[in-house]
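Colleague: Dropping in model-v8.csv, which is CSV, C-alpha atoms and all ligand atoms:
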chain,number,residue,atom,x,y,z
A,18,MET,CA,7.6,9.8,-6.0
A,19,LEU,CA,7.1,12.6,-3.5
A,20,LEU,CA,6.1,15.9,-5.2
A,21,ASP,CA,7.0,19.1,-3.3
A,22,VAL,CA,4.7,21.7,-4.9
A,23,ASP,CA,3.5,25.3,-4.6
A,24,THR,CA,0.3,24.6,-6.5
A,25,GLY,CA,0.0,27.1,-9.1
A,26,ILE,CA,-1.1,26.3,-12.6
A,27,ASP,CA,1.8,24.3,-13.9
A,28,ASP,CA,2.1,22.5,-10.6
A,29,ALA,CA,-1.5,21.4,-11.0
A,30,LEU,CA,-0.7,20.0,-14.5
A,31,ALA,CA,2.3,18.2,-13.0
A,32,ILE,CA,0.2,16.7,-10.1
A,33,LEU,CA,-2.4,15.5,-12.5
A,34,THR,CA,0.2,14.0,-14.8
A,35,ALA,CA,1.9,12.2,-11.9
A,36,ALA,CA,-1.5,10.9,-10.5
A,37,LEU,CA,-2.7,9.6,-13.9
A,38,SER,CA,0.6,8.1,-15.2
A,39,ASN,CA,0.9,4.4,-14.8
A,40,GLU,CA,4.7,4.7,-14.5
A,41,ILE,CA,4.5,6.9,-11.4
A,42,ASP,CA,3.5,5.8,-7.9
A,43,LEU,CA,2.7,9.1,-6.2
A,44,VAL,CA,3.1,8.5,-2.4
A,45,GLY,CA,2.7,12.1,-1.2
A,46,CYS,CA,2.6,15.8,-1.9
A,47,THR,CA,4.3,18.3,0.4
A,48,VAL,CA,3.3,21.9,-0.1
A,49,THR,CA,5.4,25.0,0.1
A,50,TRP,CA,4.8,28.7,-0.3
A,51,GLY,CA,5.6,30.3,-3.6
A,52,ASN,CA,3.1,30.8,-6.4
A,53,VAL,CA,0.5,31.3,-3.6
A,54,ASP,CA,0.5,31.2,0.2
A,55,VAL,CA,1.0,27.7,1.5
A,56,ALA,CA,-2.6,27.3,2.8
A,57,GLN,CA,-4.1,28.0,-0.6
A,58,GLY,CA,-1.4,25.8,-2.2
A,59,ALA,CA,-2.5,23.0,0.1
A,60,ARG,CA,-6.1,23.5,-0.8
A,61,ASN,CA,-5.3,23.5,-4.5
A,62,THR,CA,-3.2,20.4,-4.2
A,63,SER,CA,-5.9,18.5,-2.4
A,64,GLU,CA,-8.5,19.6,-4.9
A,65,VAL,CA,-6.4,18.6,-7.9
A,66,LEU,CA,-5.7,15.2,-6.4
A,67,ARG,CA,-9.5,14.7,-5.8
A,68,LEU,CA,-10.1,15.6,-9.4
A,69,ALA,CA,-7.6,13.0,-10.5
A,70,GLY,CA,-9.4,10.4,-8.4
A,71,HIS,CA,-6.5,10.3,-5.9
A,72,ALA,CA,-7.8,11.9,-2.8
A,73,ASP,CA,-6.0,9.1,-1.0
A,74,VAL,CA,-2.6,10.6,-1.7
A,75,PRO,CA,-1.6,12.4,1.5
A,76,VAL,CA,-0.9,16.2,1.4
A,77,ALA,CA,1.2,17.9,4.0
A,78,ILE,CA,1.6,21.6,4.6
A,79,GLY,CA,5.1,23.1,4.8
A,80,ALA,CA,6.9,26.4,4.9
A,81,ALA,CA,4.9,29.7,4.8
A,82,GLY,CA,7.9,31.8,3.7
A,83,PRO,CA,11.6,31.8,3.0
A,84,ARG,CA,14.3,30.3,5.2
A,85,THR,CA,15.6,33.7,6.2
A,86,GLY,CA,12.3,34.7,7.7
A,87,ALA,CA,11.9,37.4,5.1
A,88,VAL,CA,8.4,38.3,4.1
A,89,ALA,CA,6.9,35.9,1.5
A,90,THR,CA,5.8,37.3,-1.9
A,91,PHE,CA,3.6,35.4,-4.3
A,92,SER,CA,2.9,35.4,-8.1
A,93,PRO,CA,-0.8,36.3,-8.6
A,94,GLU,CA,0.0,37.9,-12.0
A,95,VAL,CA,1.2,34.5,-13.2
A,96,HIS,CA,-1.1,32.0,-11.5
A,97,GLY,CA,-4.1,34.2,-10.4
A,98,GLU,CA,-5.0,35.2,-6.8
A,99,ASP,CA,-6.1,31.6,-6.1
A,100,GLY,CA,-3.2,30.0,-7.9
A,101,LEU,CA,-5.5,28.3,-10.4
A,102,GLY,CA,-6.3,31.2,-12.7
A,103,GLY,CA,-9.5,32.0,-10.9
A,104,CYS,CA,-10.8,28.4,-11.2
A,105,ALA,CA,-10.0,27.2,-7.7
A,106,ASP,CA,-13.2,25.7,-6.3
A,107,THR,CA,-11.5,25.3,-3.0
A,108,ALA,CA,-13.5,27.4,-0.5
A,109,HIS,CA,-15.0,24.2,0.9
A,110,VAL,CA,-11.6,22.3,1.0
A,111,PRO,CA,-10.2,22.1,4.5
A,112,VAL,CA,-6.6,23.2,4.6
A,113,LEU,CA,-5.7,19.8,6.1
A,114,SER,CA,-7.0,17.4,8.6
A,115,ARG,CA,-6.1,14.0,9.7
A,116,ASN,CA,-9.1,12.6,11.5
A,117,GLY,CA,-9.0,15.4,14.0
A,118,LEU,CA,-5.3,14.8,14.8
A,119,ALA,CA,-2.8,17.5,14.2
A,120,PRO,CA,-1.8,17.2,10.6
A,121,GLU,CA,1.6,15.8,9.6
A,122,SER,CA,3.9,18.6,8.5
A,123,ALA,CA,5.8,18.6,5.2
A,124,VAL,CA,9.1,17.8,7.0
A,125,GLU,CA,7.5,15.0,8.9
A,126,MET,CA,6.0,13.5,5.8
A,127,MET,CA,9.3,13.7,3.9
A,128,ILE,CA,11.2,11.9,6.6
A,129,ARG,CA,8.4,9.3,7.2
A,130,LEU,CA,8.2,8.5,3.5
A,131,SER,CA,12.0,8.3,3.2
A,132,HIS,CA,11.9,5.5,5.8
A,133,GLU,CA,8.9,3.7,4.3
A,134,HIS,CA,10.5,3.9,0.8
A,135,ALA,CA,14.2,3.9,1.7
A,136,GLY,CA,16.4,3.7,-1.3
A,137,THR,CA,13.6,4.1,-3.8
A,138,LEU,CA,11.9,7.4,-3.0
A,139,GLU,CA,12.3,10.1,-5.8
A,140,ILE,CA,11.7,13.6,-4.6
A,141,VAL,CA,10.6,16.0,-7.4
A,142,ALA,CA,10.7,19.6,-6.1
A,143,VAL,CA,8.8,22.1,-8.2
A,144,GLY,CA,8.5,25.1,-5.9
A,145,PRO,CA,10.9,27.1,-3.7
A,146,LEU,CA,13.2,24.7,-1.8
A,147,THR,CA,12.3,25.8,1.7
A,148,ASN,CA,10.7,22.5,2.7
A,149,LEU,CA,13.6,20.3,1.5
A,150,ALA,CA,16.1,22.5,3.3
A,151,ALA,CA,14.1,22.3,6.5
A,152,ALA,CA,13.9,18.5,6.2
A,153,LEU,CA,17.7,18.4,5.9
A,154,ASP,CA,18.0,20.5,9.0
A,155,ALA,CA,15.6,18.1,10.8
A,156,ASP,CA,17.4,14.9,9.6
A,157,PRO,CA,20.8,15.2,8.0
A,158,THR,CA,20.7,11.5,7.2
A,159,LEU,CA,17.8,12.0,4.8
A,160,PRO,CA,20.0,11.9,1.6
A,161,GLU,CA,21.1,8.4,2.5
A,162,ARG,CA,17.5,7.1,1.9
A,163,ILE,CA,16.6,9.1,-1.2
A,164,ARG,CA,17.1,7.6,-4.6
A,165,GLN,CA,17.3,11.0,-6.4
A,166,VAL,CA,16.2,14.6,-6.1
A,167,THR,CA,15.0,16.4,-9.2
A,168,VAL,CA,14.6,20.2,-9.0
A,169,MET,CA,12.7,22.4,-11.4
A,170,GLY,CA,14.5,25.6,-10.9
A,171,GLY,CA,17.4,27.8,-12.0
A,172,ALA,CA,18.8,28.0,-15.5
A,173,ALA,CA,22.0,26.5,-16.7
A,174,LEU,CA,23.0,28.9,-19.4
A,175,ALA,CA,20.0,31.1,-20.1
A,176,PRO,CA,18.4,34.2,-18.4
A,177,GLY,CA,15.8,34.0,-15.7
A,178,ASN,CA,12.1,34.8,-15.5
A,179,VAL,CA,11.9,37.0,-12.3
A,180,SER,CA,15.0,38.9,-13.1
A,181,ASP,CA,17.6,39.0,-15.8
A,182,THR,CA,19.4,36.2,-14.1
A,183,ALA,CA,17.1,34.3,-11.7
A,184,GLU,CA,14.4,31.8,-12.1
A,185,ALA,CA,11.4,32.0,-9.7
A,186,ASN,CA,11.7,28.9,-7.6
A,187,ILE,CA,15.4,29.6,-6.8
A,188,TRP,CA,14.9,33.4,-6.5
A,189,HIS,CA,12.1,32.9,-3.9
A,190,ASP,CA,14.5,31.2,-1.5
A,191,PRO,CA,18.2,31.2,-2.6
A,192,GLU,CA,19.4,30.3,0.9
A,193,ALA,CA,17.2,27.2,1.0
A,194,ALA,CA,18.3,26.2,-2.5
A,195,GLN,CA,22.0,26.4,-1.5
A,196,VAL,CA,21.3,24.0,1.4
A,197,VAL,CA,19.6,21.6,-1.0
A,198,PHE,CA,22.4,21.8,-3.6
A,199,ASP,CA,25.0,21.3,-0.9
A,200,ALA,CA,23.4,18.1,0.5
A,201,SER,CA,25.0,14.8,-0.4
A,202,TRP,CA,22.2,13.4,-2.7
A,203,GLU,CA,22.1,12.9,-6.4
A,204,LEU,CA,20.4,16.0,-7.7
A,205,THR,CA,19.3,16.8,-11.2
A,206,MET,CA,18.4,20.3,-12.1
A,207,VAL,CA,15.7,21.0,-14.7
A,208,GLY,CA,16.2,24.6,-15.5
A,209,LEU,CA,14.2,27.3,-17.3
A,210,ASP,CA,16.2,27.1,-20.4
A,211,VAL,CA,15.0,23.5,-20.8
A,212,THR,CA,11.4,23.9,-19.6
A,213,MET,CA,10.9,26.7,-22.0
A,214,THR,CA,11.6,24.3,-24.9
A,215,SER,CA,8.6,22.2,-23.9
A,216,LEU,CA,5.8,24.5,-24.7
A,217,ILE,CA,2.1,24.3,-24.0
A,218,THR,CA,0.2,26.2,-26.6
A,219,ASP,CA,-3.4,27.3,-27.4
A,220,GLU,CA,-3.7,24.3,-29.6
A,221,HIS,CA,-3.0,22.1,-26.6
A,222,ARG,CA,-5.5,24.1,-24.6
A,223,ALA,CA,-8.2,23.5,-27.3
A,224,ARG,CA,-7.5,19.7,-27.2
A,225,LEU,CA,-7.9,19.7,-23.5
A,226,ALA,CA,-11.1,21.7,-23.7
A,227,ALA,CA,-12.6,19.1,-25.9
A,228,GLY,CA,-11.7,16.3,-23.4
A,229,GLY,CA,-13.2,15.0,-20.2
A,230,GLU,CA,-13.6,16.7,-16.8
A,231,ILE,CA,-9.9,16.8,-16.1
A,232,GLY,CA,-9.1,18.1,-19.6
A,233,ARG,CA,-11.7,20.9,-19.3
A,234,PHE,CA,-10.2,21.9,-15.9
A,235,CYS,CA,-6.7,22.0,-17.4
A,236,ALA,CA,-8.0,24.1,-20.3
A,237,ALA,CA,-9.7,26.6,-17.9
A,238,ILE,CA,-6.6,27.1,-15.8
A,239,LEU,CA,-4.3,27.3,-18.8
A,240,ASP,CA,-6.4,30.1,-20.3
A,241,PHE,CA,-5.1,32.4,-17.5
A,242,TYR,CA,-1.5,31.1,-17.8
A,243,LEU,CA,-1.4,31.5,-21.5
A,244,GLY,CA,-2.7,35.0,-21.1
A,245,TYR,CA,0.1,35.8,-18.8
A,246,TYR,CA,2.7,34.4,-21.2
A,247,GLU,CA,1.1,36.3,-24.1
A,248,GLY,CA,1.7,39.5,-22.2
A,249,TRP,CA,5.3,38.5,-21.4
A,250,SER,CA,6.5,37.1,-24.7
A,251,GLY,CA,3.7,38.0,-27.2
A,252,GLU,CA,2.7,34.4,-27.7
A,253,ARG,CA,0.1,32.2,-26.1
A,254,ALA,CA,2.7,29.5,-25.2
A,255,SER,CA,3.9,28.6,-21.7
A,256,GLY,CA,6.8,26.6,-20.4
A,257,ASN,CA,5.8,23.2,-19.2
A,258,HIS,CA,8.0,23.7,-16.2
A,259,ASP,CA,6.9,21.4,-13.4
A,260,ALA,CA,5.6,18.4,-15.4
A,261,LEU,CA,8.8,18.3,-17.3
A,262,ALA,CA,10.7,17.8,-14.1
A,263,LEU,CA,8.7,14.7,-13.2
A,264,ALA,CA,9.1,13.4,-16.7
A,265,VAL,CA,12.9,13.8,-16.4
A,266,ALA,CA,12.8,12.1,-13.0
A,267,THR,CA,10.9,9.1,-14.3
A,268,GLY,CA,12.4,8.8,-17.8
A,269,LEU,CA,9.1,9.8,-19.5
A,270,VAL,CA,11.2,12.0,-21.7
A,271,LYS,CA,14.6,11.3,-23.3
A,272,THR,CA,17.0,13.7,-21.7
A,273,THR,CA,20.5,14.9,-22.5
A,274,LEU,CA,22.3,15.4,-19.1
A,275,SER,CA,25.5,17.4,-18.5
A,276,PRO,CA,28.5,15.7,-16.9
A,277,ILE,CA,28.6,16.0,-13.1
A,278,VAL,CA,28.9,19.7,-12.2
A,279,ASP,CA,28.7,22.0,-9.2
A,280,VAL,CA,25.7,24.2,-8.9
A,281,HIS,CA,26.0,27.3,-6.7
A,282,VAL,CA,23.3,29.7,-5.8
A,283,ASP,CA,23.9,33.4,-5.7
A,284,CYS,CA,22.7,34.4,-2.2
A,285,SER,CA,23.9,38.0,-2.5
A,286,ALA,CA,21.6,40.9,-2.0
A,287,GLY,CA,22.5,42.3,-5.4
A,288,GLU,CA,20.8,42.2,-8.8
A,289,THR,CA,22.0,38.6,-9.5
A,290,ARG,CA,20.4,37.2,-6.3
A,291,GLY,CA,18.9,33.8,-7.0
A,292,ARG,CA,21.0,33.0,-10.1
A,293,THR,CA,22.2,29.4,-10.4
A,294,VAL,CA,25.9,29.4,-11.3
A,295,THR,CA,27.2,26.1,-12.7
A,296,THR,CA,30.6,24.9,-13.8
A,297,LEU,CA,29.1,24.5,-17.3
A,298,GLU,CA,31.5,26.9,-18.9
A,299,GLY,CA,32.2,27.5,-22.5
A,300,GLU,CA,30.3,25.8,-25.3
A,301,TRP,CA,28.2,22.6,-25.1
A,302,GLY,CA,30.5,19.7,-24.4
A,303,GLN,CA,33.6,21.7,-23.6
A,304,TRP,CA,33.5,22.2,-19.9
A,305,PRO,CA,35.6,20.3,-17.4
A,306,GLU,CA,34.4,17.8,-14.8
A,307,ARG,CA,35.3,19.1,-11.3
A,308,GLU,CA,36.3,17.0,-8.4
A,309,GLY,CA,33.7,17.2,-5.6
A,310,ALA,CA,31.0,18.4,-7.9
A,311,ARG,CA,27.9,16.2,-7.9
A,312,HIS,CA,24.9,17.7,-9.8
A,313,ARG,CA,23.6,17.0,-13.2
A,314,VAL,CA,21.9,19.7,-15.3
A,315,VAL,CA,19.5,18.8,-18.0
A,316,MET,CA,20.7,20.3,-21.2
A,317,GLU,CA,18.1,19.2,-23.7
A,318,VAL,CA,14.9,17.1,-23.8
A,319,GLU,CA,13.5,15.3,-26.8
A,320,PRO,CA,10.4,17.1,-28.1
A,321,GLY,CA,7.1,15.3,-27.8
A,322,PHE,CA,6.5,14.8,-24.0
A,323,GLU,CA,4.0,17.6,-24.0
A,324,GLU,CA,1.9,15.9,-26.7
A,325,ARG,CA,1.7,12.7,-24.7
A,326,MET,CA,0.9,14.7,-21.5
A,327,ILE,CA,-1.9,16.6,-23.2
A,328,ASP,CA,-3.3,13.3,-24.6
A,329,LEU,CA,-3.2,11.8,-21.1
A,330,LEU,CA,-4.9,14.8,-19.5
A,331,ALA,CA,-7.5,15.2,-22.2
A,332,SER,CA,-8.5,11.5,-22.0
A,401,LIG,C1,8.5,27.9,-11.7
A,401,LIG,O1,8.0,29.0,-11.0
A,401,LIG,C2,6.6,28.8,-10.7
A,401,LIG,O2,5.9,29.9,-11.0
A,401,LIG,C3,6.2,27.6,-11.5
A,401,LIG,O3,5.2,26.9,-10.9
A,401,LIG,C4,7.4,26.8,-11.8
A,401,LIG,O4,7.6,25.9,-10.7
A,401,LIG,C5,8.9,28.4,-13.1
A,401,LIG,O5,9.9,29.3,-13.0
A,402,CA,CA,5.8,25.4,-9.1
Could the structure of this file be written out as structure tokens, please?
Ligand code: BDR
Ligand code: CA

Modeller:
Amino acid sequence: MLLDVDTGIDDALAILTAALSNEIDLVGCTVTWGNVDVAQGARNTSEVLRLAGHADVPVAIGAAGPRTGAVATFSPEVHGEDGLGGCADTAHVPVLSRNGLAPESAVEMMIRLSHEHAGTLEIVAVGPLTNLAAALDADPTLPERIRQVTVMGGAALAPGNVSDTAEANIWHDPEAAQVVFDASWELTMVGLDVTMTSLITDEHRARLAAGGEIGRFCAAILDFYLGYYEGWSGERASGNHDALALAVATGLVKTTLSPIVDVHVDCSAGETRGRTVTTLEGEWGQWPEREGARHRVVMEVEPGFEERMIDLLAS
């Protein structure tokens, strides 16, 4: 698995889950802008991997802002100024170095790993899709070597979280998302309507706080995240967005998938910018399969993954 992250709080939980799960062979992390600027995201990623005992997993820095060149905006109110709810102990962490050589870029790493693991590499993208779109620009043959792409982003049928209609990862860079949805790979979308059914609660945070070093770190960063959600919805319960995407990708959670559909991204400048529009029309089970469409959208996940994930992180 290659994880493309904008390490923020739920990204950190996903990285730890991937690094600690026996079922997952994490071969690299590419970092994009999003929750925080890309340099801080890279520091957070390296630090979280070190905490997991996986400092050997290579980290590569990617895009600093959206595909259009527009100014990047971040989400300090959701993830804290440092992306880790004020807990980032990263001042000492170099942004990236490779024995004094120029570091490999995110695009270079994606392409290299796609050759080294041709046919088996899973890409799980849990930030804005700027890096993936840039990798497709650099090597249009990339999809031929990728087993599957799983995207945390968008929403099949429900409203968004940055606007009435858009989810953050897609809203940050709709043009890049459209390029990624248009590419000829098998792509599964894990949208907000599903990730908001896998909730991390204060009870989970307490279990983590009573755990080991990793558990205590997770509890500390979650304190900030749950506080944000409390202000938003009135409850100390957050979506388990990014970790759920890797669970879907690896079958760690039982998933109900849609038939093959088209996903389009609203790239207009209007109020609906960043909305994912699918051919999932009408009620559950009543939409047509369209010729040429090639995406799957997760409709439901079996409850319980979050319990297993908390146990893993606490222990
Ligand atoms: C997504 O946006 C980011 O804030 C989270 O890390 C997650 O990837 C949820 O909409
Ligand atoms: Ca993310």

Colleague: Let me have all residues with an atom within 7 Å of ligand CA 402 (chain A), counting all atoms listed in the file, laid out as a list in words.

Modeller: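 Those residues are Val22, Asp23, Thr24, Gly25, Asp27, Asp28, Asn52, Val143, Gly144 and Asp259 of chain A.
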
Colleague: Considering only C-alpha atoms and all ligand atoms, tabulate each residue of chain A that lies at most 9 Å from ligand LIG 401 (chain A) along with its nearest interatomic pair and the corresponding distance in Å to one decimal; arrange the rows by chain and ascending residue number and present them as JSON lines.

Modeller:
{"residue": "A:Val22", "atom": "CA", "partner": "A:LIG401", "partner_atom": "O4", "distance": 7.7}
{"residue": "A:Asp23", "atom": "CA", "partner": "A:LIG401", "partner_atom": "O3", "distance": 6.7}
{"residue": "A:Thr24", "atom": "CA", "partner": "A:LIG401", "partner_atom": "O3", "distance": 7.0}
{"residue": "A:Gly25", "atom": "CA", "partner": "A:LIG401", "partner_atom": "O3", "distance": 5.5}
{"residue": "A:Ile26", "atom": "CA", "partner": "A:LIG401", "partner_atom": "O3", "distance": 6.6}
{"residue": "A:Asp27", "atom": "CA", "partner": "A:LIG401", "partner_atom": "O3", "distance": 5.2}
{"residue": "A:Asp28", "atom": "CA", "partner": "A:LIG401", "partner_atom": "O3", "distance": 5.4}
{"residue": "A:Ala29", "atom": "CA", "partner": "A:LIG401", "partner_atom": "O3", "distance": 8.7}
{"residue": "A:Gly51", "atom": "CA", "partner": "A:LIG401", "partner_atom": "C2", "distance": 7.3}
{"residue": "A:Asn52", "atom": "CA", "partner": "A:LIG401", "partner_atom": "O2", "distance": 5.5}
{"residue": "A:Phe91", "atom": "CA", "partner": "A:LIG401", "partner_atom": "O2", "distance": 9.0}
{"residue": "A:Ser92", "atom": "CA", "partner": "A:LIG401", "partner_atom": "O2", "distance": 6.9}
{"residue": "A:Val95", "atom": "CA", "partner": "A:LIG401", "partner_atom": "O2", "distance": 6.9}
{"residue": "A:His96", "atom": "CA", "partner": "A:LIG401", "partner_atom": "O2", "distance": 7.3}
{"residue": "A:Ala142", "atom": "CA", "partner": "A:LIG401", "partner_atom": "O4", "distance": 8.4}
{"residue": "A:Val143", "atom": "CA", "partner": "A:LIG401", "partner_atom": "O4", "distance": 4.7}
{"residue": "A:Gly144", "atom": "CA", "partner": "A:LIG401", "partner_atom": "O4", "distance": 4.9}
{"residue": "A:Pro145", "atom": "CA", "partner": "A:LIG401", "partner_atom": "O4", "distance": 7.8}
{"residue": "A:Met169", "atom": "CA", "partner": "A:LIG401", "partner_atom": "O4", "distance": 6.2}
{"residue": "A:Gly170", "atom": "CA", "partner": "A:LIG401", "partner_atom": "O5", "distance": 6.3}
{"residue": "A:Gly171", "atom": "CA", "partner": "A:LIG401", "partner_atom": "O5", "distance": 7.7}
{"residue": "A:Gly177", "atom": "CA", "partner": "A:LIG401", "partner_atom": "O5", "distance": 8.0}
{"residue": "A:Asn178", "atom": "CA", "partner": "A:LIG401", "partner_atom": "O5", "distance": 6.4}
{"residue": "A:Val179", "atom": "CA", "partner": "A:LIG401", "partner_atom": "O5", "distance": 8.0}
{"residue": "A:Ala183", "atom": "CA", "partner": "A:LIG401", "partner_atom": "O5", "distance": 8.9}
{"residue": "A:Glu184", "atom": "CA", "partner": "A:LIG401", "partner_atom": "O5", "distance": 5.2}
{"residue": "A:Ala185", "atom": "CA", "partner": "A:LIG401", "partner_atom": "O5", "distance": 4.5}
{"residue": "A:Asn186", "atom": "CA", "partner": "A:LIG401", "partner_atom": "O1", "distance": 5.0}
{"residue": "A:Ile187", "atom": "CA", "partner": "A:LIG401", "partner_atom": "O5", "distance": 8.3}
{"residue": "A:Gly208", "atom": "CA", "partner": "A:LIG401", "partner_atom": "O5", "distance": 8.2}
{"residue": "A:Leu209", "atom": "CA", "partner": "A:LIG401", "partner_atom": "O5", "distance": 6.4}
{"residue": "A:Thr212", "atom": "CA", "partner": "A:LIG401", "partner_atom": "C5", "distance": 8.3}
{"residue": "A:Gly256", "atom": "CA", "partner": "A:LIG401", "partner_atom": "C5", "distance": 7.8}
{"residue": "A:Asn257", "atom": "CA", "partner": "A:LIG401", "partner_atom": "C4", "distance": 8.4}
{"residue": "A:His258", "atom": "CA", "partner": "A:LIG401", "partner_atom": "C4", "distance": 5.4}
{"residue": "A:Asp259", "atom": "CA", "partner": "A:LIG401", "partner_atom": "O4", "distance": 5.3}

Colleague: Every residue with an atom at most 9 Å from (19.9, 24.0, -2.3) (file coordinates; only C-alpha atoms) is what I'm after, so could you write them as a PDB file with C-alpha atoms, in the coordinates of the input?

Modeller:
ATOM      1  CA  LEU A 146      13.200  24.700  -1.800  1.00  0.00           C
ATOM      2  CA  THR A 147      12.300  25.800   1.700  1.00  0.00           C
ATOM      3  CA  LEU A 149      13.600  20.300   1.500  1.00  0.00           C
ATOM      4  CA  ALA A 150      16.100  22.500   3.300  1.00  0.00           C
ATOM      5  CA  ILE A 187      15.400  29.600  -6.800  1.00  0.00           C
ATOM      6  CA  PRO A 191      18.200  31.200  -2.600  1.00  0.00           C
ATOM      7  CA  GLU A 192      19.400  30.300   0.900  1.00  0.00           C
ATOM      8  CA  ALA A 193      17.200  27.200   1.000  1.00  0.00           C
ATOM      9  CA  ALA A 194      18.300  26.200  -2.500  1.00  0.00           C
ATOM     10  CA  GLN A 195      22.000  26.400  -1.500  1.00  0.00           C
ATOM     11  CA  VAL A 196      21.300  24.000   1.400  1.00  0.00           C
ATOM     12  CA  VAL A 197      19.600  21.600  -1.000  1.00  0.00           C
ATOM     13  CA  PHE A 198      22.400  21.800  -3.600  1.00  0.00           C
ATOM     14  CA  ASP A 199      25.000  21.300  -0.900  1.00  0.00           C
ATOM     15  CA  ALA A 200      23.400  18.100   0.500  1.00  0.00           C
ATOM     16  CA  VAL A 280      25.700  24.200  -8.900  1.00  0.00           C
ATOM     17  CA  HIS A 281      26.000  27.300  -6.700  1.00  0.00           C
ATOM     18  CA  VAL A 282      23.300  29.700  -5.800  1.00  0.00           C
TER      19      VAL A 282
END

Colleague: Identify, on the basis of all atoms listed in the file, every residue whose closest approach to range 44-50 of chain A does not exceed 6 Å; exclude the query and any residue fewer than 5 positions from it along the same chain; express the result as a VMD selection string.

Modeller: chain A and resid 18 to 23 55 59 74 to 82 123

Colleague: For Pro160 in chain A, find every residue with an atom within 10 Å (counting only C-alpha atoms), except residues of its own chain fewer than 4 positions away, and show them as a PyMOL selection string.

Modeller: chain A and resi 131+135-136+153+156+164-166+200-203

Colleague: With C-alpha atoms retained, could you export that selection as a CSV table (one decimal), in the frame of the given file?

Modeller:
chain,number,residue,atom,x,y,z
A,131,SER,CA,12.0,8.3,3.2
A,135,ALA,CA,14.2,3.9,1.7
A,136,GLY,CA,16.4,3.7,-1.3
A,153,LEU,CA,17.7,18.4,5.9
A,156,ASP,CA,17.4,14.9,9.6
A,164,ARG,CA,17.1,7.6,-4.6
A,165,GLN,CA,17.3,11.0,-6.4
A,166,VAL,CA,16.2,14.6,-6.1
A,200,ALA,CA,23.4,18.1,0.5
A,201,SER,CA,25.0,14.8,-0.4
A,202,TRP,CA,22.2,13.4,-2.7
A,203,GLU,CA,22.1,12.9,-6.4

Colleague: In Å, rounded to a single decimal, give me how far CA of Val88 in chain A is from CA of Glu125 in chain A.

Modeller: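 Those two atoms sit 23.8 Å apart.
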
Colleague: Would you compute the distance between CA of Glu161 in chain A and CA of Leu138 in chain A? Give it in Å to one decimal.

Modeller: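 Computing it gives 10.8 Å between the two atoms.
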
Colleague: Have a look at A:Ser180, A:Thr267, A:Thr167, A:Ser38 and name the one nearest to His71 in chain A; count all atoms listed in the file.

Modeller: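 Ranking A:Ser180, A:Thr267, A:Thr167, A:Ser38 by distance to His71 in chain A, first place goes to A:Ser38.
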
Colleague: Identify which of the residues A:Leu239, A:Arg292, A:Val318, A:Ala286 lies closest to Lys271 in chain A, counting all atoms listed in the file when measuring atom-to-atom distances.

Modeller: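 Among the listed residues, the smallest separation from Lys271 in chain A belongs to A:Val318.
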
Colleague: Could you tell me which of A:Ala264, A:Ala237, A:Ala36, A:Ala56 comes closest to Val112 in chain A if we count all atoms listed in the file?

Modeller: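 That would be A:Ala56, the residue with the smallest distance to Val112 in chain A.
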
Colleague: Mind giving me the straight-line distance from CA of Ala31 in chain A to CA of Asn148 in chain A in Å, one decimal?

Modeller: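 Between these atoms lies a distance of 18.3 Å.
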
Colleague: Smallest atom-to-atom distance to Gly86 in chain A: which of A:Arg311, A:Asp190, A:Tyr245, A:Thr273, using all atoms listed in the file?

Modeller: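 Closest candidate: A:Asp190.
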
Colleague: Considering only C-alpha atoms, can you say which of A:Arg313, A:Ala262, A:Glu94, A:Phe234 comes closest to Leu274 in chain A?

Modeller: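 Result for the nearest residue to Leu274 in chain A: A:Arg313.
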
Colleague: Counting all atoms listed in the file, which of A:Gly244, A:Gly70, A:Gly291, A:Gly268 gets nearest to Gly102 in chain A?

Modeller: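 The shortest atom-to-atom distance to Gly102 in chain A comes from A:Gly244.
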
Colleague: Using all atoms listed in the file, find all polymer residues with an atom at most 12 Å away from the point (-11.8, 25.6, -2.1); report them as a PyMOL selection string.

Modeller: chain A and resi 56-65+67+99-101+103-113
